[in-house]
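Structure data (CSV, C-alpha atoms) from start-v3.csv:
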chain,number,residue,atom,x,y,z
A,1,MET,CA,-9.8,17.7,-0.1
A,2,ALA,CA,-8.6,15.2,-2.7
A,3,SER,CA,-6.3,16.4,-5.5
A,4,SER,CA,-7.8,16.6,-8.9
A,5,GLN,CA,-7.2,13.7,-11.3
A,6,GLU,CA,-5.3,16.0,-13.7
A,7,ALA,CA,-2.9,17.0,-10.9
A,8,THR,CA,-2.4,13.3,-10.0
A,9,ALA,CA,-1.6,12.3,-13.6
A,10,ALA,CA,0.9,15.2,-13.9
A,11,TRP,CA,2.5,14.2,-10.5
A,12,VAL,CA,2.8,10.6,-11.6
A,13,ALA,CA,4.4,11.7,-14.9
A,14,GLY,CA,6.9,13.7,-12.9
A,15,ARG,CA,7.8,10.6,-10.7
A,16,ILE,CA,8.2,8.4,-13.8
A,17,ARG,CA,10.3,11.0,-15.7
A,18,ALA,CA,12.9,10.7,-12.9
A,19,LEU,CA,13.7,7.1,-13.9
A,20,ASP,CA,17.0,6.7,-15.7
A,21,ASN,CA,15.6,4.4,-18.4
A,22,VAL,CA,12.6,6.7,-19.2
A,23,THR,CA,13.1,9.1,-22.1
A,24,SER,CA,9.7,10.9,-22.0
A,25,VAL,CA,6.3,10.8,-20.4
A,26,GLU,CA,3.3,12.3,-22.1
A,27,VAL,CA,0.0,13.0,-20.2
A,28,LEU,CA,-2.6,11.8,-22.7
A,29,SER,CA,-5.6,12.5,-20.4
A,30,PRO,CA,-6.3,12.8,-16.7
A,31,HIS,CA,-6.4,9.0,-16.6
A,32,SER,CA,-3.6,8.0,-18.9
A,33,LEU,CA,0.1,8.5,-19.7
A,34,ARG,CA,2.3,7.4,-22.5
A,35,ILE,CA,5.8,6.3,-21.3
A,36,SER,CA,8.7,6.0,-23.7
A,37,ARG,CA,11.8,4.3,-22.5
A,38,LYS,CA,15.2,3.1,-23.6
A,39,GLY,CA,15.4,-0.3,-25.2
A,40,PHE,CA,11.7,-1.1,-25.1
A,41,ALA,CA,8.6,0.0,-26.9
A,42,PRO,CA,6.5,2.9,-25.4
A,43,PHE,CA,3.4,1.9,-23.5
A,44,VAL,CA,0.3,3.5,-22.1
A,45,ALA,CA,-0.6,3.4,-18.4
A,46,GLY,CA,-4.0,4.1,-17.0
A,47,VAL,CA,-4.0,6.1,-13.7
A,48,VAL,CA,-6.7,6.1,-11.0
A,49,SER,CA,-6.6,7.5,-7.4
A,50,GLU,CA,-9.1,5.7,-5.3
A,51,ARG,CA,-9.3,4.2,-1.8
A,52,LEU,CA,-11.3,1.3,-3.2
A,53,VAL,CA,-10.7,0.4,-6.9
A,54,THR,CA,-13.8,-1.2,-8.4
A,55,ARG,CA,-14.5,-2.8,-11.8
A,56,ALA,CA,-16.2,0.5,-12.8
A,57,HIS,CA,-13.0,2.5,-12.2
A,58,VAL,CA,-11.0,0.1,-14.3
A,59,GLU,CA,-13.6,0.0,-17.1
A,60,ALA,CA,-13.8,3.8,-17.1
A,61,VAL,CA,-10.1,4.1,-17.5
A,62,LEU,CA,-9.9,1.5,-20.2
A,63,SER,CA,-12.8,3.1,-22.1
A,64,VAL,CA,-10.7,6.3,-22.6
A,65,ALA,CA,-7.3,4.4,-22.8
A,66,SER,CA,-8.1,1.1,-24.4
A,67,ASP,CA,-4.5,0.5,-25.2
A,68,ALA,CA,-3.4,0.8,-21.6
A,69,GLU,CA,-1.1,-2.0,-20.7
A,70,ILE,CA,-1.2,-1.4,-17.0
A,71,VAL,CA,-3.7,0.4,-14.7
A,72,VAL,CA,-2.2,1.9,-11.5
A,73,ASN,CA,-3.8,3.3,-8.4
A,74,ILE,CA,-1.8,5.9,-6.5
A,75,PRO,CA,-2.8,5.6,-2.8
A,76,VAL,CA,-0.9,2.8,-1.1
A,77,GLU,CA,-3.4,2.7,1.7
A,78,SER,CA,-6.1,1.4,-0.6
A,79,LYS,CA,-7.7,-1.8,-1.9
A,80,TRP,CA,-8.3,-3.3,-5.3
A,81,SER,CA,-11.5,-5.3,-5.4
A,82,GLY,CA,-11.5,-8.8,-6.9
A,83,SER,CA,-13.8,-7.6,-9.8
A,84,ALA,CA,-11.4,-4.7,-10.5
A,85,ILE,CA,-8.5,-7.1,-10.8
A,86,GLU,CA,-10.6,-9.3,-13.0
A,87,ALA,CA,-11.6,-6.4,-15.3
A,88,ALA,CA,-7.9,-5.5,-15.7
A,89,ARG,CA,-7.0,-9.1,-16.4
A,90,GLN,CA,-9.8,-9.5,-18.9
A,91,SER,CA,-8.4,-6.6,-20.8
A,92,ARG,CA,-4.9,-8.1,-20.6
A,93,ALA,CA,-3.7,-5.1,-18.5
A,94,ALA,CA,-1.5,-5.4,-15.5
A,95,TRP,CA,-2.5,-3.6,-12.4
A,96,GLY,CA,-0.8,-2.2,-9.3
A,97,GLY,CA,0.5,1.0,-7.8
A,98,LEU,CA,3.1,3.6,-8.5
A,99,LYS,CA,5.9,1.2,-7.5
A,100,ASP,CA,4.6,-1.3,-10.0
A,101,LEU,CA,4.5,1.3,-12.7
A,102,MET,CA,8.2,2.1,-11.9
A,103,ARG,CA,9.1,-1.5,-12.1
A,104,VAL,CA,7.4,-2.2,-15.5
A,105,ALA,CA,9.1,0.9,-17.0
A,106,GLY,CA,12.2,-1.3,-17.0
A,107,ARG,CA,10.5,-4.4,-18.5
A,108,ASP,CA,9.6,-5.4,-22.0
A,109,ASN,CA,6.4,-7.3,-21.1
A,110,VAL,CA,4.2,-4.8,-19.3
A,111,ARG,CA,0.9,-6.7,-19.7
A,112,GLY,CA,2.4,-9.9,-18.2
A,113,TYR,CA,3.5,-8.1,-15.0
A,114,GLU,CA,2.2,-8.9,-11.6
A,115,ARG,CA,3.7,-7.9,-8.3
A,116,ASP,CA,5.9,-10.8,-7.0
A,117,GLU,CA,4.3,-10.9,-3.6
A,118,TYR,CA,0.8,-11.4,-5.1
A,119,GLN,CA,2.0,-13.9,-7.7
A,120,PHE,CA,3.7,-15.9,-5.0
A,121,ALA,CA,0.7,-15.8,-2.6
A,122,GLU,CA,-1.8,-16.8,-5.3
A,123,ARG,CA,0.4,-19.7,-6.6
A,124,LEU,CA,1.1,-21.0,-3.1
A,125,LEU,CA,-2.5,-20.8,-1.9
A,126,GLY,CA,-3.7,-22.6,-5.0
A,127,GLN,CA,-1.3,-25.5,-4.8
A,128,PHE,CA,-2.4,-27.2,-1.6
A,129,GLY,CA,-4.2,-30.5,-2.2
A,130,ILE,CA,-7.0,-29.7,0.2
A,131,VAL,CA,-7.9,-26.6,-1.9
A,132,GLN,CA,-10.5,-27.1,-4.5
A,133,ARG,CA,-10.4,-23.6,-5.9
A,134,ILE,CA,-9.3,-20.2,-4.9
A,135,GLU,CA,-11.3,-17.0,-5.3
A,136,ARG,CA,-9.6,-13.5,-5.5
A,137,GLU,CA,-11.6,-11.3,-3.2
A,138,ALA,CA,-9.2,-8.3,-3.3
A,139,ASP,CA,-5.5,-7.5,-4.0
A,140,ARG,CA,-4.4,-9.2,-0.7
A,141,LEU,CA,-7.4,-11.4,0.1
A,142,TRP,CA,-8.4,-14.8,-1.2
A,143,THR,CA,-11.1,-17.2,-0.2
A,144,LEU,CA,-9.9,-20.8,-0.3
A,145,HIS,CA,-12.7,-23.3,-1.1
A,146,ARG,CA,-11.6,-26.6,0.4
A,147,LYS,CA,-12.5,-30.2,-0.2
A,148,ASN,CA,-14.0,-32.7,2.2
A,149,GLY,CA,-16.9,-30.4,3.2
A,150,LEU,CA,-14.5,-28.0,5.1
A,151,ARG,CA,-15.8,-24.5,5.3
A,152,PRO,CA,-14.1,-21.9,3.0
A,153,LEU,CA,-11.2,-20.0,4.6
A,154,ARG,CA,-10.4,-16.3,4.0
A,155,VAL,CA,-6.7,-15.7,3.8
A,156,ILE,CA,-5.0,-12.3,3.7
A,157,ALA,CA,-1.4,-12.0,2.5
A,158,LEU,CA,0.5,-9.3,4.3
A,159,SER,CA,4.2,-8.6,3.6
A,160,ASP,CA,5.1,-6.3,6.5
A,161,TYR,CA,8.6,-6.7,7.8
A,162,GLU,CA,7.3,-5.9,11.2
A,163,LEU,CA,3.7,-7.0,11.4
A,164,THR,CA,2.1,-4.8,14.1
A,165,GLY,CA,-1.1,-4.9,16.0
A,166,ASP,CA,-2.2,-1.9,13.9
A,167,SER,CA,-1.4,-3.9,10.7
A,168,ILE,CA,-4.0,-6.5,11.7
A,169,ARG,CA,-6.6,-3.9,12.8
A,170,ALA,CA,-6.1,-1.8,9.6
A,171,ALA,CA,-6.4,-5.0,7.4
A,172,ARG,CA,-9.6,-5.9,9.2
A,173,THR,CA,-11.0,-2.4,8.6
A,174,ARG,CA,-10.1,-2.5,5.0
A,175,TYR,CA,-10.8,-6.1,4.0
A,176,GLY,CA,-13.4,-7.2,6.5
A,177,THR,CA,-13.2,-10.6,8.3
A,178,PHE,CA,-10.5,-13.2,7.5
A,179,ASP,CA,-9.4,-16.3,9.2
A,180,VAL,CA,-5.7,-16.4,8.4
A,181,VAL,CA,-2.9,-13.8,8.0
A,182,PHE,CA,-0.3,-15.3,5.7
A,183,LEU,CA,2.9,-13.5,6.5
A,184,ASN,CA,4.2,-13.3,3.0
A,185,ASN,CA,7.7,-12.1,3.8
A,186,PRO,CA,10.3,-14.7,4.7
A,187,ASN,CA,12.0,-12.1,6.9
A,188,GLY,CA,8.8,-10.8,8.3
A,189,LYS,CA,8.0,-11.1,12.0
A,190,ALA,CA,4.8,-10.5,14.0
A,191,THR,CA,5.0,-8.4,17.2
A,192,ALA,CA,3.5,-9.6,20.4
A,193,GLN,CA,0.8,-7.0,19.9
A,194,ALA,CA,0.0,-8.3,16.5
A,195,ARG,CA,-0.5,-11.8,17.9
A,196,GLU,CA,-2.6,-10.4,20.7
A,197,VAL,CA,-4.9,-8.6,18.3
A,198,ALA,CA,-5.1,-11.6,16.0
A,199,ASN,CA,-5.9,-13.9,18.9
A,200,GLY,CA,-8.7,-11.6,20.0
A,201,LEU,CA,-10.2,-11.7,16.5
A,202,ASP,CA,-9.6,-15.5,16.2
A,203,ILE,CA,-7.2,-15.0,13.4
A,204,ALA,CA,-4.1,-17.2,12.9
A,205,ILE,CA,-0.8,-15.6,11.7
A,206,LEU,CA,1.1,-18.1,9.7
A,207,MET,CA,4.3,-18.3,7.6
A,208,ALA,CA,4.3,-20.2,4.3
A,209,GLY,CA,5.4,-23.5,5.9
A,210,GLU,CA,2.6,-23.3,8.5
A,211,LEU,CA,-0.3,-22.9,6.1
A,212,LYS,CA,-0.7,-26.6,5.1
A,213,GLY,CA,-1.5,-27.7,8.7
A,214,ARG,CA,-4.1,-25.0,9.1
A,215,LEU,CA,-5.8,-25.7,5.8
A,216,SER,CA,-6.5,-29.3,6.7
A,217,ARG,CA,-8.2,-28.4,9.9
A,218,PRO,CA,-11.9,-27.2,10.2
B,1,MET,CA,-0.1,18.0,-6.7
B,2,SER,CA,3.1,19.5,-8.1
B,3,GLU,CA,6.7,18.6,-7.2
B,4,THR,CA,6.6,21.2,-4.4
B,5,THR,CA,3.2,20.5,-3.0
B,6,THR,CA,4.1,16.9,-2.0
B,7,PRO,CA,6.5,17.9,0.9
B,8,THR,CA,4.3,20.8,1.8
B,9,GLN,CA,1.2,18.7,1.8
B,10,ILE,CA,2.9,16.1,4.0
B,11,ALA,CA,4.3,18.7,6.4
B,12,LYS,CA,0.9,20.4,6.8
B,13,ALA,CA,-0.9,17.1,7.4
B,14,ILE,CA,1.7,16.0,10.0
B,15,HIS,CA,1.5,19.4,11.7
B,16,THR,CA,-2.3,19.2,11.9
B,17,ALA,CA,-2.1,15.6,13.2
B,18,ALA,CA,0.5,16.6,15.8
B,19,ALA,CA,-1.7,19.4,17.0
B,20,THR,CA,-4.8,17.3,17.1
B,21,LEU,CA,-3.3,14.2,18.6
B,22,ARG,CA,-0.9,14.6,21.5
B,23,GLY,CA,1.6,12.0,22.5
B,24,VAL,CA,2.3,10.6,19.0
B,25,ARG,CA,5.8,10.7,17.7
B,26,TRP,CA,6.0,11.1,13.9
B,27,TYR,CA,8.8,9.8,11.8
B,28,GLY,CA,9.7,9.6,8.1
B,29,PHE,CA,11.8,6.8,6.6
B,30,GLY,CA,12.7,5.3,3.2
B,31,SER,CA,13.7,6.8,-0.1
B,32,PHE,CA,11.5,10.0,0.1
B,33,PHE,CA,12.8,11.1,3.4
B,34,SER,CA,16.4,10.3,2.5
B,35,GLY,CA,16.1,12.8,-0.3
B,36,ALA,CA,16.1,10.4,-3.2
B,37,ALA,CA,14.7,11.7,-6.5
B,38,ILE,CA,13.1,8.3,-7.2
B,39,TYR,CA,10.6,6.9,-4.8
B,40,GLY,CA,7.6,4.6,-5.1
B,41,ASP,CA,5.9,5.4,-1.8
B,42,ILE,CA,6.3,7.7,1.1
B,43,ASP,CA,6.9,6.0,4.4
B,44,ILE,CA,5.6,7.5,7.6
B,45,LEU,CA,5.8,6.0,11.1
B,46,ALA,CA,3.5,7.0,13.9
B,47,VAL,CA,4.6,5.8,17.4
B,48,CYS,CA,1.6,6.1,19.6
B,49,VAL,CA,0.9,5.7,23.3
B,50,ASP,CA,-1.7,3.0,22.8
B,51,ALA,CA,-3.9,1.3,20.1
B,52,ALA,CA,-6.6,3.9,20.3
B,53,ALA,CA,-4.2,6.7,19.5
B,54,GLY,CA,-3.0,4.6,16.5
B,55,ILE,CA,-6.6,4.3,15.2
B,56,ARG,CA,-7.0,8.1,15.5
B,57,ALA,CA,-3.6,8.7,13.8
B,58,ARG,CA,-4.9,6.7,10.8
B,59,ALA,CA,-8.2,8.6,10.7
B,60,ILE,CA,-6.4,12.0,10.9
B,61,LEU,CA,-4.1,11.1,8.0
B,62,ALA,CA,-6.8,9.4,5.9
B,63,ASP,CA,-7.1,12.3,3.4
B,64,LEU,CA,-3.3,12.6,2.9
B,65,CYS,CA,-3.2,8.8,2.4
B,66,GLY,CA,-6.0,9.1,-0.1
B,67,ASP,CA,-4.0,11.6,-2.2
B,68,LEU,CA,-0.5,10.4,-2.1
B,69,PRO,CA,1.3,7.0,-2.0
B,70,ILE,CA,1.8,7.2,1.7
B,71,HIS,CA,2.6,3.9,3.4
B,72,LEU,CA,1.7,4.5,7.0
B,73,THR,CA,3.1,2.3,9.7
B,74,VAL,CA,1.6,2.6,13.2
B,75,MET,CA,3.2,1.1,16.3
B,76,ASP,CA,2.7,1.5,20.0
B,77,GLN,CA,5.6,2.5,22.1
B,78,THR,CA,6.3,-1.1,23.2
B,79,GLU,CA,6.4,-2.3,19.6
B,80,ALA,CA,8.7,0.5,18.5
B,81,LYS,CA,11.1,-0.3,21.3
B,82,ALA,CA,10.9,-4.1,20.8
B,83,THR,CA,11.5,-3.9,17.0
B,84,ASP,CA,14.1,-1.0,17.2
B,85,PHE,CA,12.3,0.2,14.1
B,86,VAL,CA,13.4,3.8,14.3
B,87,ARG,CA,17.1,2.9,14.4
B,88,THR,CA,17.0,0.0,11.9
B,89,GLU,CA,15.1,2.0,9.3
B,90,ALA,CA,17.1,5.2,10.0
B,91,ALA,CA,13.8,7.0,10.5
B,92,VAL,CA,13.8,10.8,10.7
B,93,ASP,CA,12.0,12.4,13.6
B,94,LEU,CA,9.6,14.9,12.1
B,95,GLU,CA,9.4,16.9,15.3
B,96,TRP,CA,11.6,19.6,13.8
B,97,LEU,CA,9.1,19.9,10.9
B,98,ILE,CA,6.2,20.3,13.3
B,99,ASP,CA,8.1,22.9,15.3
B,100,HIS,CA,9.1,24.8,12.2
B,101,LEU,CA,5.5,25.0,10.9
B,102,SER,CA,4.2,25.9,14.4
B,103,GLN,CA,6.6,28.9,14.5
B,104,THR,CA,5.8,29.8,10.9
B,105,SER,CA,2.1,29.8,11.5
B,106,CYS,CA,2.6,31.7,14.7
B,107,SER,CA,4.7,34.4,13.0
B,108,GLU,CA,2.2,34.6,10.2
B,109,SER,CA,-0.7,35.1,12.6
B,110,ASN,CA,1.4,37.7,14.4
B,111,THR,CA,2.0,39.5,11.1
B,112,ILE,CA,-1.7,39.4,10.3

If you took the structure in this file and wrote it as structure tokens, what would it be?
Amino acid sequence: MASSQEATAAWVAGRIRALDNVTSVEVLSPHSLRISRKGFAPFVAGVVSERLVTRAHVEAVLSVASDAEIVVNIPVESKWSGSAIEAARQSRAAWGGLKDLMRVAGRDNVRGYERDEYQFAERLLGQFGIVQRIEREADRLWTLHRKNGLRPLRVIALSDYELTGDSIRAARTRYGTFDVVFLNNPNGKATAQAREVANGLDIAILMAGELKGRLSRP
Amino acid sequence: MSETTTPTQIAKAIHTAAATLRGVRWYGFGSFFSGAAIYGDIDILAVCVDAAAGIRARAILADLCGDLPIHLTVMDQTEAKATDFVRTEAAVDLEWLIDHLSQTSCSESNTI
């Protein structure tokens, strides 16, 4: 049975209070916390606990905590839909998970935060000459609309240090079909099983330097 | 979800998973299992005999993963050996936890 949202907010508050630079955490509602820290202004965080975060979840949180500068979702094994990300961005709120909330607690600009791995993936995928535009489908998933009549490619960015066969299967279950796994960790490696699973699903596993070649092919 | 329910919740879920799914070795690694007060997620590794067991392991832990920031890594035995993941991540074998809970529940049922 899922924990209540009240318990989740209290639990998150406990995690954030443990940070050295945090002076106090106030639970404002089951979906919001006010975090005071040393050296920077206090900020409000919206909290959800969903396996799939939708626009409706983000809007519901922001309707009760309109001053939230970040919205965080607690389960790691979860997905943010593209529309949920768009809703957060439209309200100039950052988005992420518990780790991201811990990171922004030590930063002045909370609203401008985006997880490094996502920021890097989005920038990289959008910079190829063959790409006309990119569409954020989910936290880790982009559709690349290409020039020259080439079909769109769905690219998922995974940052596993050891990319396993299960990583590919779990991503497929959570995100649906995709053409390319962009291994978004310079030290990351794919196991033989990961390559076998990917081959079976007609998915390419590529590092940053290998993307350009794939994007220019049908 | 209080401070104390987190370890208890994890222990119970792993215990149930171990009882339901034989042949899976459960490990904990990262900040949470090294006893750090500050952790962003809770890293659990399941080393399974095959891919099907891995899929079942994910299904069994789905509720736990829906409640807590669990990062679940699933490997088959060949992958675990090839990557030397348990050693390099200093993963803690959770077998003792499973045994401990089995004995506890056994003694509780005896008492009852």

Practice prompt. Find the residues around B:Glu79 up to 12 Å (only C-alpha atoms counted), leave out those fewer than 6 positions away in its own chain, and share them as an MDAnalysis selection string.
Written response: (chainID A and resid 162:167 189:195) or (chainID B and resid 45:51 73 85:86)

Quick one: residues within 8 Å of A:Leu125, only C-alpha atoms, excluding same-chain residues fewer than 6 positions away - as a compact mmCIF listing (two decimals) with C-alpha atoms, in the coordinates of the input?
# COMPACT_ATOMS: atom_id res chain seq x y z
CA VAL A 131 -7.90 -26.60 -1.90
CA ILE A 134 -9.30 -20.20 -4.90
CA LEU A 144 -9.90 -20.80 -0.30

Practice prompt. Give as a ChimeraX atom specification the set of residues within 12 Å of the point (-3.6, 9.6, 13.2), where distances use the file's coordinates and all atoms listed in the file.
Written response: /A:166 /B:13-26,44-65,72-75

Practice prompt. Might you pull out every residue within 12 Å of stretch 52-64 of chain A, with all atoms listed in the file counted and same-chain residues fewer than 5 positions away left off, and present them as a ChimeraX atom specification?
Written response: /A:5,28-33,44-47,69-97,137-139,174-175 /B:66

Would you mind exporting the chosen residues as a PDB file, in the coordinates of the input, restricted to C-alpha atoms?
ATOM      1  CA  GLN A   5      -7.200  13.700 -11.300  1.00  0.00           C
ATOM      2  CA  LEU A  28      -2.600  11.800 -22.700  1.00  0.00           C
ATOM      3  CA  SER A  29      -5.600  12.500 -20.400  1.00  0.00           C
ATOM      4  CA  PRO A  30      -6.300  12.800 -16.700  1.00  0.00           C
ATOM      5  CA  HIS A  31      -6.400   9.000 -16.600  1.00  0.00           C
ATOM      6  CA  SER A  32      -3.600   8.000 -18.900  1.00  0.00           C
ATOM      7  CA  LEU A  33       0.100   8.500 -19.700  1.00  0.00           C
ATOM      8  CA  VAL A  44       0.300   3.500 -22.100  1.00  0.00           C
ATOM      9  CA  ALA A  45      -0.600   3.400 -18.400  1.00  0.00           C
ATOM     10  CA  GLY A  46      -4.000   4.100 -17.000  1.00  0.00           C
ATOM     11  CA  VAL A  47      -4.000   6.100 -13.700  1.00  0.00           C
ATOM     12  CA  GLU A  69      -1.100  -2.000 -20.700  1.00  0.00           C
ATOM     13  CA  ILE A  70      -1.200  -1.400 -17.000  1.00  0.00           C
ATOM     14  CA  VAL A  71      -3.700   0.400 -14.700  1.00  0.00           C
ATOM     15  CA  VAL A  72      -2.200   1.900 -11.500  1.00  0.00           C
ATOM     16  CA  ASN A  73      -3.800   3.300  -8.400  1.00  0.00           C
ATOM     17  CA  ILE A  74      -1.800   5.900  -6.500  1.00  0.00           C
ATOM     18  CA  PRO A  75      -2.800   5.600  -2.800  1.00  0.00           C
ATOM     19  CA  VAL A  76      -0.900   2.800  -1.100  1.00  0.00           C
ATOM     20  CA  GLU A  77      -3.400   2.700   1.700  1.00  0.00           C
ATOM     21  CA  SER A  78      -6.100   1.400  -0.600  1.00  0.00           C
ATOM     22  CA  LYS A  79      -7.700  -1.800  -1.900  1.00  0.00           C
ATOM     23  CA  TRP A  80      -8.300  -3.300  -5.300  1.00  0.00           C
ATOM     24  CA  SER A  81     -11.500  -5.300  -5.400  1.00  0.00           C
ATOM     25  CA  GLY A  82     -11.500  -8.800  -6.900  1.00  0.00           C
ATOM     26  CA  SER A  83     -13.800  -7.600  -9.800  1.00  0.00           C
ATOM     27  CA  ALA A  84     -11.400  -4.700 -10.500  1.00  0.00           C
ATOM     28  CA  ILE A  85      -8.500  -7.100 -10.800  1.00  0.00           C
ATOM     29  CA  GLU A  86     -10.600  -9.300 -13.000  1.00  0.00           C
ATOM     30  CA  ALA A  87     -11.600  -6.400 -15.300  1.00  0.00           C
ATOM     31  CA  ALA A  88      -7.900  -5.500 -15.700  1.00  0.00           C
ATOM     32  CA  ARG A  89      -7.000  -9.100 -16.400  1.00  0.00           C
ATOM     33  CA  GLN A  90      -9.800  -9.500 -18.900  1.00  0.00           C
ATOM     34  CA  SER A  91      -8.400  -6.600 -20.800  1.00  0.00           C
ATOM     35  CA  ARG A  92      -4.900  -8.100 -20.600  1.00  0.00           C
ATOM     36  CA  ALA A  93      -3.700  -5.100 -18.500  1.00  0.00           C
ATOM     37  CA  ALA A  94      -1.500  -5.400 -15.500  1.00  0.00           C
ATOM     38  CA  TRP A  95      -2.500  -3.600 -12.400  1.00  0.00           C
ATOM     39  CA  GLY A  96      -0.800  -2.200  -9.300  1.00  0.00           C
ATOM     40  CA  GLY A  97       0.500   1.000  -7.800  1.00  0.00           C
ATOM     41  CA  GLU A 137     -11.600 -11.300  -3.200  1.00  0.00           C
ATOM     42  CA  ALA A 138      -9.200  -8.300  -3.300  1.00  0.00           C
ATOM     43  CA  ASP A 139      -5.500  -7.500  -4.000  1.00  0.00           C
ATOM     44  CA  ARG A 174     -10.100  -2.500   5.000  1.00  0.00           C
ATOM     45  CA  TYR A 175     -10.800  -6.100   4.000  1.00  0.00           C
TER      46      TYR A 175
ATOM     47  CA  GLY B  66      -6.000   9.100  -0.100  1.00  0.00           C
TER      48      GLY B  66
END

Discussion item. Between B:Thr6, B:Lys12, B:Asp67, B:Asp76, which residue has the minimum interatomic distance to B:Phe33, considering all atoms listed in the file?
Written reply: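 Of the candidates, the smallest distance to B:Phe33 is held by B:Thr6.
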
Worksheet, complete the sentence: One decimal place gives the atom CA of A:Val155-atom CA of A:Arg51 separation as 20.8 Å

Item to complete: Go through A:Lys99, A:Ile168, A:Asp179, A:Ser24 and flag the residue nearest chain B, using only C-alpha atoms for the distances.
Response: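 Closest residue, counting only C-alpha atoms: A:Lys99.
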
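Here atom CA of B:Gly28 and atom CA of B:Val92 stand 5.0 Å from one another.
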
Within 6 Å of chain A, which residues of chain B show up when using all atoms listed in the file, listed as an mmCIF file with C-alpha atoms, keeping the file's coordinate frame?
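See selection18.cif below for the written result:
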data_model
loop_
_atom_site.group_PDB
_atom_site.id
_atom_site.type_symbol
_atom_site.label_atom_id
_atom_site.label_comp_id
_atom_site.auth_asym_id
_atom_site.auth_seq_id
_atom_site.Cartn_x
_atom_site.Cartn_y
_atom_site.Cartn_z
ATOM 1 C CA MET B 1 -0.100 18.000 -6.700
ATOM 2 C CA SER B 2 3.100 19.500 -8.100
ATOM 3 C CA GLY B 40 7.600 4.600 -5.100
ATOM 4 C CA GLY B 66 -6.000 9.100 -0.100
ATOM 5 C CA ASP B 67 -4.000 11.600 -2.200
ATOM 6 C CA LEU B 68 -0.500 10.400 -2.100
ATOM 7 C CA PRO B 69 1.300 7.000 -2.000
ATOM 8 C CA ILE B 70 1.800 7.200 1.700
ATOM 9 C CA HIS B 71 2.600 3.900 3.400
ATOM 10 C CA VAL B 74 1.600 2.600 13.200
#

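The interatomic distance for the pair atom CA of B:Phe29 and atom CA of B:Asp43 works out to 5.4 Å.
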
Worksheet item: From the set B:Gly30, B:Ala36, B:Asp41, B:Ala11, which residue has the shortest atom-to-atom contact distance to B:Ala90, counting all atoms listed in the file?
Response: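 Using all atoms listed in the file, the shortest distance to B:Ala90 belongs to B:Gly30.
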
Item to complete: For A:Leu201, work out the shell of residues within 12 Å, counting only C-alpha atoms and skipping chain neighbours fewer than 2 positions away, then give it as a PyMOL selection string.
Response: chain A and resi 165+168-169+171-172+176-181+194-199+203-205

Considering only C-alpha atoms, return as a CSV table (one decimal) with C-alpha atoms, in the frame of the given file whatever protein or nucleic-acid residues lie within 10 Å of A:Ile130, sequence-local ones (same chain, fewer than 6 positions apart) excluded.
chain,number,residue,atom,x,y,z
A,144,LEU,CA,-9.9,-20.8,-0.3
A,145,HIS,CA,-12.7,-23.3,-1.1
A,146,ARG,CA,-11.6,-26.6,0.4
A,147,LYS,CA,-12.5,-30.2,-0.2
A,148,ASN,CA,-14.0,-32.7,2.2
A,150,LEU,CA,-14.5,-28.0,5.1
A,212,LYS,CA,-0.7,-26.6,5.1
A,215,LEU,CA,-5.8,-25.7,5.8
A,216,SER,CA,-6.5,-29.3,6.7
A,217,ARG,CA,-8.2,-28.4,9.9

Worksheet, complete the sentence: Nearest to A:Trp142, restricted to all atoms listed in the file and choosing among A:Tyr161, A:Arg115, A:Val22, A:Glu122, comes out as A:Glu122
